[in-house]
>>> print(open('entry11.csv').read())   # CSV, C-alpha atoms (C1' of nucleotides) and all ligand atoms
chain,number,residue,atom,x,y,z
Q,1,MET,CA,101.7,25.7,265.1
Q,2,ASN,CA,100.9,28.0,262.2
Q,3,GLU,CA,97.9,30.3,262.9
Q,4,VAL,CA,96.5,29.8,259.4
Q,5,LEU,CA,96.5,26.0,259.7
Q,6,GLN,CA,94.9,26.2,263.1
Q,7,ILE,CA,92.0,28.3,261.8
Q,8,LEU,CA,91.4,26.0,258.8
Q,9,LYS,CA,91.6,22.8,260.9
Q,10,LYS,CA,89.3,24.2,263.6
Q,11,ASN,CA,86.7,24.8,260.9
Q,12,SER,CA,87.2,21.5,259.3
Q,13,LEU,CA,88.2,22.9,256.0
Q,14,SER,CA,90.7,21.2,253.6
Q,15,VAL,CA,94.0,23.0,253.6
Q,16,THR,CA,94.7,24.3,250.2
Q,17,GLU,CA,97.1,26.9,248.7
Q,18,GLY,CA,94.3,29.3,248.0
Q,19,ARG,CA,92.7,29.2,251.4
Q,20,LYS,CA,96.1,29.5,253.1
Q,21,LYS,CA,97.1,32.5,251.0
Q,22,ILE,CA,93.9,34.4,251.4
Q,23,LEU,CA,93.8,33.8,255.1
Q,24,GLU,CA,97.4,35.1,255.3
Q,25,LEU,CA,96.3,38.2,253.5
Q,26,PHE,CA,93.6,38.9,256.1
Q,27,ILE,CA,95.9,38.2,259.0
Q,28,ALA,CA,98.6,40.5,257.6
Q,29,SER,CA,96.2,43.3,256.6
Q,30,GLU,CA,95.6,46.3,258.7
Q,31,GLY,CA,92.2,47.1,257.3
Q,32,ALA,CA,89.4,45.3,255.6
Q,33,LEU,CA,89.8,43.8,252.1
Q,34,ALA,CA,87.5,43.8,249.1
Q,35,HIS,CA,87.3,41.0,246.6
Q,36,ALA,CA,89.2,43.2,244.2
Q,37,ASP,CA,92.1,43.7,246.7
Q,38,ILE,CA,92.5,40.0,247.1
Q,39,GLU,CA,92.5,39.4,243.4
Q,40,LYS,CA,95.1,42.0,243.0
Q,41,GLN,CA,97.4,40.6,245.7
Q,42,THR,CA,97.1,37.0,244.4
Q,43,SER,CA,96.8,37.6,240.7
Q,44,ASN,CA,97.8,34.7,238.5
Q,45,ASN,CA,97.8,32.4,241.4
Q,46,PHE,CA,94.1,31.7,241.7
Q,47,ASP,CA,91.1,32.0,239.5
Q,48,ARG,CA,88.6,34.7,240.3
Q,49,VAL,CA,86.0,32.1,241.0
Q,50,THR,CA,88.1,30.5,243.6
Q,51,VAL,CA,88.4,33.8,245.4
Q,52,TYR,CA,84.6,34.2,245.4
Q,53,ARG,CA,84.1,30.7,246.7
Q,54,THR,CA,86.8,31.0,249.4
Q,55,LEU,CA,85.3,34.3,250.7
Q,56,GLN,CA,81.9,32.8,250.8
Q,57,THR,CA,83.2,29.7,252.7
Q,58,PHE,CA,85.1,31.8,255.2
Q,59,VAL,CA,82.0,34.0,255.9
Q,60,GLU,CA,79.8,30.9,256.4
Q,61,LYS,CA,82.4,29.4,258.8
Q,62,GLY,CA,82.6,32.6,260.8
Q,63,ILE,CA,86.3,33.2,259.9
Q,64,ILE,CA,85.6,36.6,258.3
Q,65,HIS,CA,82.7,39.0,258.4
Q,66,GLN,CA,81.2,41.4,255.9
Q,67,ILE,CA,81.1,45.1,256.4
Q,68,PRO,CA,78.3,47.1,254.7
Q,69,THR,CA,79.2,50.0,252.4
Q,70,THR,CA,77.4,52.4,250.4
Q,71,ASP,CA,79.2,51.9,247.1
Q,72,ASN,CA,78.3,48.5,245.7
Q,73,SER,CA,81.2,46.8,247.3
Q,74,VAL,CA,81.5,44.5,250.1
Q,75,LEU,CA,84.4,44.5,252.5
Q,76,TYR,CA,85.6,41.6,254.5
Q,77,ALA,CA,87.7,41.4,257.7
Q,78,LEU,CA,88.8,38.7,260.2
Q,79,CYS,CA,86.5,37.8,263.0
Q,80,ARG,CA,88.2,38.2,266.3
Q,81,HIS,CA,85.4,37.2,268.6
Q,82,ASN,CA,85.2,33.5,268.2
Q,83,CYS,CA,82.5,33.5,265.6
Q,84,GLU,CA,81.1,30.2,264.6
Q,85,GLN,CA,79.4,28.5,261.7
Q,86,GLY,CA,76.3,30.6,260.9
Q,87,HIS,CA,76.6,32.5,264.2
Q,88,HIS,CA,78.6,35.7,264.0
Q,89,HIS,CA,78.9,38.1,266.9
Q,90,ASP,CA,81.0,40.8,265.4
Q,91,ASN,CA,79.0,43.6,267.0
Q,92,HIS,CA,81.8,46.2,266.8
Q,93,VAL,CA,81.8,49.5,265.0
Q,94,HIS,CA,83.6,49.9,261.7
Q,95,PHE,CA,85.5,53.0,260.7
Q,96,ILE,CA,86.1,54.2,257.2
Q,97,CYS,CA,88.7,56.8,256.7
Q,98,SER,CA,87.7,59.3,254.1
Q,99,ASN,CA,91.3,60.3,253.6
Q,100,CYS,CA,93.2,57.0,253.1
Q,101,ASP,CA,90.1,55.0,252.4
Q,102,LYS,CA,91.0,52.2,254.8
Q,103,THR,CA,88.3,50.4,256.6
Q,104,ILE,CA,89.2,49.4,260.2
Q,105,CYS,CA,87.4,47.2,262.7
Q,106,LEU,CA,87.2,48.9,266.0
Q,107,ASP,CA,87.0,45.7,267.8
Q,108,ASP,CA,86.7,47.3,271.2
Q,109,VAL,CA,83.9,49.7,270.3
Q,110,THR,CA,80.5,47.9,270.7
Q,111,VAL,CA,77.6,48.9,268.6
Q,112,PRO,CA,75.2,50.7,271.0
Q,113,GLN,CA,71.7,49.6,271.6
Q,114,VAL,CA,69.0,51.7,270.2
Q,115,LYS,CA,65.3,52.1,271.1
Q,116,LEU,CA,63.2,51.1,268.2
Q,117,PRO,CA,59.5,52.0,267.6
Q,118,GLU,CA,56.8,49.7,269.0
Q,119,GLY,CA,56.6,46.5,267.0
Q,120,PHE,CA,60.1,46.2,265.7
Q,121,THR,CA,62.3,43.4,267.0
Q,122,PRO,CA,66.0,43.8,266.5
Q,123,LEU,CA,68.3,40.8,265.9
Q,124,GLN,CA,71.6,42.4,264.8
Q,125,SER,CA,73.0,45.9,264.5
Q,126,ALA,CA,75.8,47.3,262.4
Q,127,MET,CA,77.4,50.7,262.6
Q,128,VAL,CA,79.7,52.3,260.2
Q,129,VAL,CA,81.5,55.6,261.1
Q,130,THR,CA,83.3,57.7,258.5
Q,131,GLY,CA,85.9,60.2,259.3
Q,132,ILE,CA,89.7,60.6,259.7
Q,133,CYS,CA,91.7,57.7,261.1
Q,134,LEU,CA,94.6,57.6,263.5
Q,135,ASP,CA,97.2,57.5,260.8
Q,136,CYS,CA,95.7,60.4,258.8
Q,137,ALA,CA,95.0,62.7,261.8
D,1,MET,CA,50.4,71.7,243.7
D,2,ASN,CA,51.8,68.4,242.9
D,3,GLU,CA,54.5,67.2,245.4
D,4,VAL,CA,56.6,65.8,242.7
D,5,LEU,CA,56.7,69.0,240.7
D,6,GLN,CA,57.4,70.9,243.9
D,7,ILE,CA,60.5,68.8,244.7
D,8,LEU,CA,61.9,69.0,241.2
D,9,LYS,CA,61.4,72.8,241.0
D,10,LYS,CA,62.8,73.4,244.4
D,11,ASN,CA,66.0,71.7,243.3
D,12,SER,CA,66.0,73.5,239.9
D,13,LEU,CA,65.8,70.3,238.0
D,14,SER,CA,64.1,70.1,234.6
D,15,VAL,CA,60.8,68.3,234.8
D,16,THR,CA,61.0,65.2,232.7
D,17,GLU,CA,58.9,62.0,232.5
D,18,GLY,CA,61.6,59.9,233.9
D,19,ARG,CA,62.3,62.1,236.9
D,20,LYS,CA,58.6,62.4,237.7
D,21,LYS,CA,58.0,58.7,237.5
D,22,ILE,CA,61.0,57.7,239.6
D,23,LEU,CA,60.2,60.3,242.2
D,24,GLU,CA,56.6,59.1,242.3
D,25,LEU,CA,57.9,55.6,243.0
D,26,PHE,CA,59.9,56.7,245.9
D,27,ILE,CA,57.0,58.7,247.4
D,28,ALA,CA,54.6,55.7,246.9
D,29,SER,CA,57.0,53.2,248.3
D,30,GLU,CA,56.9,52.1,251.9
D,31,GLY,CA,60.5,50.9,252.0
D,32,ALA,CA,63.8,51.7,250.3
D,33,LEU,CA,64.3,50.9,246.6
D,34,ALA,CA,67.3,49.4,244.8
D,35,HIS,CA,68.2,50.3,241.2
D,36,ALA,CA,66.8,47.0,240.1
D,37,ASP,CA,63.4,47.6,241.7
D,38,ILE,CA,63.1,50.9,239.8
D,39,GLU,CA,64.1,49.3,236.6
D,40,LYS,CA,61.4,46.6,237.1
D,41,GLN,CA,58.7,49.1,237.9
D,42,THR,CA,59.5,51.3,234.9
D,43,SER,CA,60.6,48.7,232.4
D,44,ASN,CA,60.4,49.7,228.8
D,45,ASN,CA,59.7,53.3,229.8
D,46,PHE,CA,63.2,54.4,230.4
D,47,ASP,CA,66.7,53.3,229.6
D,48,ARG,CA,68.8,51.7,232.3
D,49,VAL,CA,71.3,54.6,231.9
D,50,THR,CA,68.6,57.1,232.6
D,51,VAL,CA,67.7,55.4,235.8
D,52,TYR,CA,71.4,55.5,237.0
D,53,ARG,CA,71.7,59.1,236.1
D,54,THR,CA,68.5,60.1,237.7
D,55,LEU,CA,69.4,58.3,241.0
D,56,GLN,CA,72.8,60.0,241.0
D,57,THR,CA,71.2,63.4,240.4
D,58,PHE,CA,68.7,62.9,243.2
D,59,VAL,CA,71.4,61.9,245.6
D,60,GLU,CA,73.5,64.9,244.8
D,61,LYS,CA,70.5,67.2,245.2
D,62,GLY,CA,69.6,65.7,248.6
D,63,ILE,CA,66.3,64.3,247.4
D,64,ILE,CA,67.1,60.7,248.2
D,65,HIS,CA,69.8,59.1,250.3
D,66,GLN,CA,71.8,55.9,250.1
D,67,ILE,CA,71.5,53.1,252.6
D,68,PRO,CA,74.5,50.8,253.0
D,69,THR,CA,74.0,47.0,252.7
D,70,THR,CA,76.2,44.0,252.9
D,71,ASP,CA,75.3,42.4,249.6
D,72,ASN,CA,76.7,44.5,246.8
D,73,SER,CA,73.6,46.5,246.4
D,74,VAL,CA,72.8,50.0,247.3
D,75,LEU,CA,69.4,51.0,248.5
D,76,TYR,CA,67.8,54.5,248.1
D,77,ALA,CA,65.1,56.2,250.0
D,78,LEU,CA,63.5,59.7,250.2
D,79,CYS,CA,65.1,62.2,252.4
D,80,ARG,CA,62.6,63.7,254.9
D,81,HIS,CA,64.9,66.0,256.7
D,82,ASN,CA,65.3,68.9,254.3
D,83,CYS,CA,68.6,67.7,252.9
D,84,GLU,CA,70.4,70.0,250.5
D,85,GLN,CA,72.8,69.9,247.6
D,86,GLY,CA,75.9,68.0,248.9
D,87,HIS,CA,74.8,68.3,252.4
D,88,HIS,CA,72.7,65.4,253.7
D,89,HIS,CA,71.6,65.0,257.3
D,90,ASP,CA,69.8,61.7,257.2
D,91,ASN,CA,71.3,60.5,260.4
D,92,HIS,CA,68.5,58.0,261.2
D,93,VAL,CA,68.6,54.3,261.7
D,94,HIS,CA,67.7,51.9,259.0
D,95,PHE,CA,65.8,48.7,259.6
D,96,ILE,CA,66.0,45.6,257.4
D,97,CYS,CA,63.4,43.0,258.0
D,98,SER,CA,64.8,39.5,257.7
D,99,ASN,CA,61.4,38.1,257.0
D,100,CYS,CA,59.9,40.4,254.3
D,101,ASP,CA,63.3,41.9,253.2
D,102,LYS,CA,61.9,45.4,253.3
D,103,THR,CA,64.3,48.2,254.3
D,104,ILE,CA,62.6,51.0,256.3
D,105,CYS,CA,63.9,54.4,257.3
D,106,LEU,CA,63.3,54.9,261.0
D,107,ASP,CA,63.2,58.6,260.6
D,108,ASP,CA,62.6,59.3,264.2
D,109,VAL,CA,65.4,57.1,265.6
D,110,THR,CA,68.7,59.0,265.5
D,111,VAL,CA,72.0,57.2,265.2
D,112,PRO,CA,73.6,57.4,268.6
D,113,GLN,CA,77.0,58.9,269.2
D,114,VAL,CA,79.8,56.5,270.0
D,115,LYS,CA,83.1,57.0,271.8
D,116,LEU,CA,85.9,56.3,269.4
D,117,PRO,CA,89.5,55.4,270.3
D,118,GLU,CA,92.0,58.3,270.7
D,119,GLY,CA,92.9,59.8,267.4
D,120,PHE,CA,89.8,58.9,265.3
D,121,THR,CA,87.7,61.8,264.2
D,122,PRO,CA,84.1,61.0,263.2
D,123,LEU,CA,82.3,62.8,260.5
D,124,GLN,CA,79.3,60.7,259.7
D,125,SER,CA,77.7,57.6,261.2
D,126,ALA,CA,75.3,55.1,259.7
D,127,MET,CA,73.4,52.3,261.5
D,128,VAL,CA,71.6,49.4,260.1
D,129,VAL,CA,69.5,47.1,262.3
D,130,THR,CA,68.2,43.8,261.1
D,131,GLY,CA,65.3,42.0,262.6
D,132,ILE,CA,61.5,41.6,262.4
D,133,CYS,CA,59.5,44.5,261.2
D,134,LEU,CA,56.1,45.8,262.4
D,135,ASP,CA,54.2,44.1,259.6
D,136,CYS,CA,55.9,40.7,260.1
D,137,ALA,CA,55.7,40.7,263.9
S,1,DC,C1',98.7,3.6,248.5
S,2,DT,C1',94.1,3.7,247.0
S,3,DA,C1',89.4,5.2,247.3
S,4,DT,C1',86.6,8.9,248.4
S,5,DT,C1',85.5,13.5,249.0
S,6,DT,C1',86.4,18.1,248.2
S,7,DT,C1',88.3,21.9,245.7
S,8,DT,C1',89.8,24.1,241.6
S,9,DG,C1',90.0,26.2,236.9
S,10,DC,C1',87.9,26.9,232.8
S,11,DA,C1',84.2,28.3,229.8
S,12,DA,C1',80.0,30.1,229.2
S,13,DT,C1',76.7,33.3,230.6
S,14,DA,C1',74.4,36.9,233.0
S,15,DC,C1',74.3,41.0,235.6
S,16,DT,C1',75.9,45.7,236.7
S,17,DG,C1',77.7,50.1,235.9
S,18,DT,C1',80.2,53.9,232.9
S,19,DT,C1',81.1,56.9,228.9
S,20,DG,C1',80.7,59.6,224.5
S,21,DC,C1',77.8,61.3,221.4
S,22,DA,C1',73.8,62.5,218.5
S,23,DA,C1',69.0,63.3,218.8
S,24,DG,C1',65.3,64.8,221.5
S,25,DT,C1',63.0,67.6,225.1
S,26,DA,C1',62.6,71.3,228.4
S,27,DT,C1',63.4,75.9,229.6
S,28,DT,C1',64.6,80.6,228.8
S,29,DT,C1',64.6,84.7,226.2
S,30,DG,C1',63.0,88.2,223.2
C,1,DC,C1',54.6,82.2,221.0
C,2,DA,C1',58.7,80.9,218.5
C,3,DA,C1',63.5,80.7,218.3
C,4,DA,C1',67.7,80.0,220.8
C,5,DT,C1',69.9,77.8,224.4
C,6,DA,C1',70.6,74.5,227.9
C,7,DC,C1',69.8,70.2,229.5
C,8,DT,C1',68.4,65.3,229.3
C,9,DT,C1',67.8,61.0,227.1
C,10,DG,C1',68.7,56.7,224.5
C,11,DC,C1',71.8,54.0,222.1
C,12,DA,C1',76.0,51.6,221.4
C,13,DA,C1',80.1,50.1,223.0
C,14,DC,C1',82.7,48.7,226.7
C,15,DA,C1',84.5,47.4,231.3
C,16,DG,C1',83.8,45.3,235.5
C,17,DT,C1',81.5,42.0,238.6
C,18,DA,C1',79.3,37.7,239.8
C,19,DT,C1',77.2,32.8,239.1
C,20,DT,C1',77.0,28.0,237.3
C,21,DG,C1',78.1,23.3,235.5
C,22,DC,C1',81.5,20.3,234.8
C,23,DA,C1',85.8,17.8,234.3
C,24,DA,C1',90.4,17.6,236.1
C,25,DA,C1',93.2,18.1,240.0
C,26,DA,C1',94.2,18.0,244.8
C,27,DA,C1',93.3,16.8,249.6
C,28,DT,C1',91.8,13.8,253.1
C,29,DA,C1',90.3,9.3,255.0
C,30,DG,C1',90.9,4.5,255.3
Q,201,MN,MN,84.9,44.1,261.7
Q,202,MN,MN,66.7,56.5,255.4
Q,203,ZN,ZN,93.2,57.2,257.1
Q,204,ZN,ZN,58.9,42.5,257.5
>>> encode(input="entry11.csv", output="structure tokens")
Amino acid sequence: MNEVLQILKKNSLSVTEGRKKILELFIASEGALAHADIEKQTSNNFDRVTVYRTLQTFVEKGIIHQIPTTDNSVLYALCRHNCEQGHHHDNHVHFICSNCDKTICLDDVTVPQVKLPEGFTPLQSAMVVTGICLDCA
Amino acid sequence: MNEVLQILKKNSLSVTEGRKKILELFIASEGALAHADIEKQTSNNFDRVTVYRTLQTFVEKGIIHQIPTTDNSVLYALCRHNCEQGHHHDNHVHFICSNCDKTICLDDVTVPQVKLPEGFTPLQSAMVVTGICLDCA
DNA sequence: CTATTTTTGCAATACTGTTGCAAGTATTTG
DNA sequence: CAAATACTTGCAACAGTATTGCAAAAATAG
């Protein structure tokens, strides 16, 4: 059975053209996608608003996760660690290539623990590494 | 001599009301500031555009640094490690309190090294930890 | 197939960020 | 110190990004 359908069903989401298409994009994509990327690759098919709402739904359901950036954009990528509704555990490192600008999930590289000052309680950690990626080496 | 003047002089920046005021805000502030915070705290004094340009200049000069977030906003905080023109070395961990929402530079906590897969060359690393801060503990 | 629930597109609106340019301010020079 | 120069600011216009309400359309449940 189709992977896309499986994911939507598992999360009890209605199966619609928009959701199928956007999920396909994520599955096909090597790196992370920004809202703008998705708009571009689906232009004229769906309204901007639908894209916003779909991304939001997917994040809530634990289908995709957000990647922090320093430039007023948010990137999204597929969760591969069985995340669930309101309970992500994508604690892997993200890599941004400064040459080709791709953002890649290093699913096998875990964010290391870090010793915080007295009084700070950590709940979640994110790590973003910039540099030169495999393809651009 | 005034800290604010000193910083501006050291970076060969003209001393203007806007720059003085914004720099004061950063020095006075416990946590990091977003563009919107600054606008609020200086409203009617300076044009939005001036705030954008000032922040940009300060980042370039190594007076403030950017902190990545996951919500389409960029935060800024004072550099305390003698950063220079085009050459930041703020490799410390940032902490976001999920209770009071403050973002704090943990200047003494260095971002740990991490072993990347074959072929990836790291240049810079950022780490953001969310949790409960000292004040909210 | 029909009833119900959910999703979508549109329109309106607000927020965010960028640029060129003329006027204003700060700094340098004599 | 005043004039000349260099730099910064505000304004206006514009482009891009995000949010909401609501009616129409589509999907699911019965
Ligand atoms: Mn990821
Ligand atoms: Mn910092
Ligand atoms: Zn690359
Ligand atoms: Zn707090």
>>> interface_residues(input="entry11.csv", of="chain Q", to="chain S", cutoff="8 Å", atoms="all atoms listed in the file", output="number ranges by chain")
Q: 14, 47, 50
>>> interface_residues(input="entry11.csv", of="chain Q", to="chain D", cutoff="7 Å", atoms="only C-alpha atoms", output="number ranges by chain")
Q: 66-74, 109, 116, 119-134, 137
>>> closest_residue(input="entry11.csv", among="D:Ala36, D:Val51, D:Ile7, D:Leu25", to="chain C", atoms="only C-alpha atoms (C1' of nucleotides)")
D:Val51
>>> closest_residue(input="entry11.csv", among="Q:Ser12, Q:Cys100, Q:Asp107, Q:Thr57", to="ligand ZN 203 (chain Q)", atoms="all atoms listed in the file")
Q:Cys100
>>> closest_residue(input="entry11.csv", among="D:Leu23, D:Ile38, D:Val49, D:Val4", to="chain C", atoms="all atoms listed in the file")
D:Val49
>>> interface_residues(input="entry11.csv", of="chain C", to="chain Q", cutoff="9 Å", atoms="only C-alpha atoms (C1' of nucleotides)", output="number ranges by chain")
C: 18, 26-28
>>> atom_distance(input="entry11.csv", atom1="atom CA of Thr54 of chain Q", atom2="atom CA of Ile22 of chain Q")
8.1 Å
